[in-house]
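Engineer: The structure's right below; bear with me while I get my questions together.
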Amino acid sequence: MGFAFKRWALVGAVSGFGVVFAASAYAGYAWTPAVYIDNTNHTAEGSFVGARTSGNSVEYIGVTINDFAVTYYAQDASGTYRSCGHPGAPGTTERIEVSTISNQSWFRFKWDPNTGYCVAPLDIQNNSFMSSP
Amino acid sequence: MSIVFPNRSSSKAKALILIGTLVGIGGLGYWSGGRVKSATASAPTVANEPTQVGSEKKSQGYVTRDELSALRVEMRAEFREVTQALGALQSATTSAANAAAAKTTGAASEGNAESAPDENQIREYDKSKTVIQGALRTGTWSADDRRAFRASLETLPSSMRDEVISQLLVAINSDRLKPNYKGPPF
């Protein structure tokens, strides 16, 4: 009994140290901004990592591009969904815009409530502290 | 300094002074003619002598062979630069003209396509609006709605496509439609 207890205590201690050192291996500042929708100013913002690590299965944010449109969309934790699209087929500017967004991105889009079209400026930030965990 | 002449012989004296002045000017011109000619009238002459001798003659209007060669090289370089600049300007002008022509042609063809949608496009346009209206009755934008709407979009001309996309987005952003799936609206 005593020997078995000691053996399990040793295993636990080793595991504990392992967890501590593994956690400390990921150094650096980290920020995981959640999806936020501002209906007054008609903006939606958030980060991929923030949405993924939010602790709920509701919020997400994204952008999609195809031959006839670029569309930004977001859903916050309360389930509010907003979207905007660039009118017309995507041009060079829109394609560069979309390619700028990555796994380390935070971005904000603004929609025109009368047309649903995106309103400039689109705000994109790429930061080390928004990398995937 | 003023010269005073007796009244009775003043015209005679004036004549003598005029003649004397003309003779003086002529003599001066004869005396300095050679120098003026070598310094200004004749073109620079290439000196065949070495540089030292040439530099002595430089003060007399000569240019050495080395200096002339350098001048030629410099002139060639400048001529080359000017030629290149002209070539670049010409190609830029041609490119701009071609781009303008292509843009005009593209706009014209797009305008023709926009002005006359075919029957299939009209049918798909109506179908896309029907999908939105059907969804508005329930307040839900489903994955099936999205699929049908997107299929219609692919056949529509730009202006029709933008119109129905706008209708959908306005309905979504005003909470009259809510997607019941996760992802883009179309």
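Ordering of the structure tokens sets the chain letters (A, B, ...); residue numbers start at 1 within each chain; ligands are numbered from 1 in the order shown.
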Got a sec to pull out which chain B residues are within 9 Å of chain A, counting only C-alpha atoms, and send them as a PDB file with C-alpha atoms, in the first residue's frame?

Structural biologist:
ATOM      1  CA  LEU B 153     -26.048  33.847 -58.839  1.00  0.00           C
ATOM      2  CA  GLU B 154     -23.659  31.956 -61.051  1.00  0.00           C
ATOM      3  CA  SER B 158     -23.398  41.582 -62.658  1.00  0.00           C
ATOM      4  CA  SER B 159     -26.137  44.159 -62.092  1.00  0.00           C
ATOM      5  CA  ARG B 161     -26.473  39.637 -59.137  1.00  0.00           C
ATOM      6  CA  ASP B 162     -25.595  42.728 -57.099  1.00  0.00           C
ATOM      7  CA  GLU B 163     -29.277  43.554 -56.727  1.00  0.00           C
ATOM      8  CA  ILE B 165     -27.218  39.982 -53.072  1.00  0.00           C
ATOM      9  CA  SER B 166     -28.086  43.401 -51.694  1.00  0.00           C
ATOM     10  CA  GLN B 167     -31.658  42.274 -50.938  1.00  0.00           C
ATOM     11  CA  LEU B 168     -30.394  39.250 -49.054  1.00  0.00           C
ATOM     12  CA  LEU B 169     -27.774  41.148 -47.036  1.00  0.00           C
ATOM     13  CA  VAL B 170     -30.178  43.926 -46.070  1.00  0.00           C
ATOM     14  CA  ALA B 171     -32.686  41.302 -44.868  1.00  0.00           C
ATOM     15  CA  ILE B 172     -29.985  39.538 -42.835  1.00  0.00           C
ATOM     16  CA  ASN B 173     -28.504  42.693 -41.307  1.00  0.00           C
ATOM     17  CA  SER B 174     -31.963  43.909 -40.266  1.00  0.00           C
ATOM     18  CA  ASP B 175     -32.680  40.559 -38.546  1.00  0.00           C
ATOM     19  CA  LYS B 178     -31.217  34.575 -39.848  1.00  0.00           C
ATOM     20  CA  PRO B 179     -29.012  31.759 -41.126  1.00  0.00           C
ATOM     21  CA  LYS B 182     -22.714  28.366 -39.820  1.00  0.00           C
ATOM     22  CA  GLY B 183     -20.908  30.073 -42.638  1.00  0.00           C
ATOM     23  CA  PRO B 184     -21.267  32.682 -45.360  1.00  0.00           C
ATOM     24  CA  PRO B 185     -24.740  33.807 -46.484  1.00  0.00           C
ATOM     25  CA  PHE B 186     -24.199  32.594 -50.046  1.00  0.00           C
TER      26      PHE B 186
END

Engineer: Give me the residues near segment 115-127 of chain B as a list in words, where near means some atom within 9 Å (using only C-alpha atoms) and where sequence neighbours in that chain fewer than 6 positions away do not count.

Structural biologist: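 So the residues in contact are Ala148, Phe149, Ala151, Ser152, Leu153, Thr155, Leu156, Pro157, Met160, Arg161 and Val164 of chain B.
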
Engineer: I'd like the contact shell of Ser128 of chain A - 9 Å cut-off, only C-alpha atoms, skipping same-chain residues fewer than 6 positions apart - returned as a list in words.

Structural biologist: Gly28, Tyr29, Ala30 and Gln104 of chain A

Engineer: Could you name the residues that touch Gly46 of chain A at 12 Å or less, counting only C-alpha atoms, but leaving out those on the same chain fewer than 4 positions away, as a PyMOL selection string?

Structural biologist: chain A and resi 31-38+50-54+59-63+72-77+101+103-109+123-126+130

Engineer: Take atom CA of Asn41 of chain A and atom CA of Val98 of chain A and report the distance between them in Å, one decimal.

Structural biologist: 22.5 Å
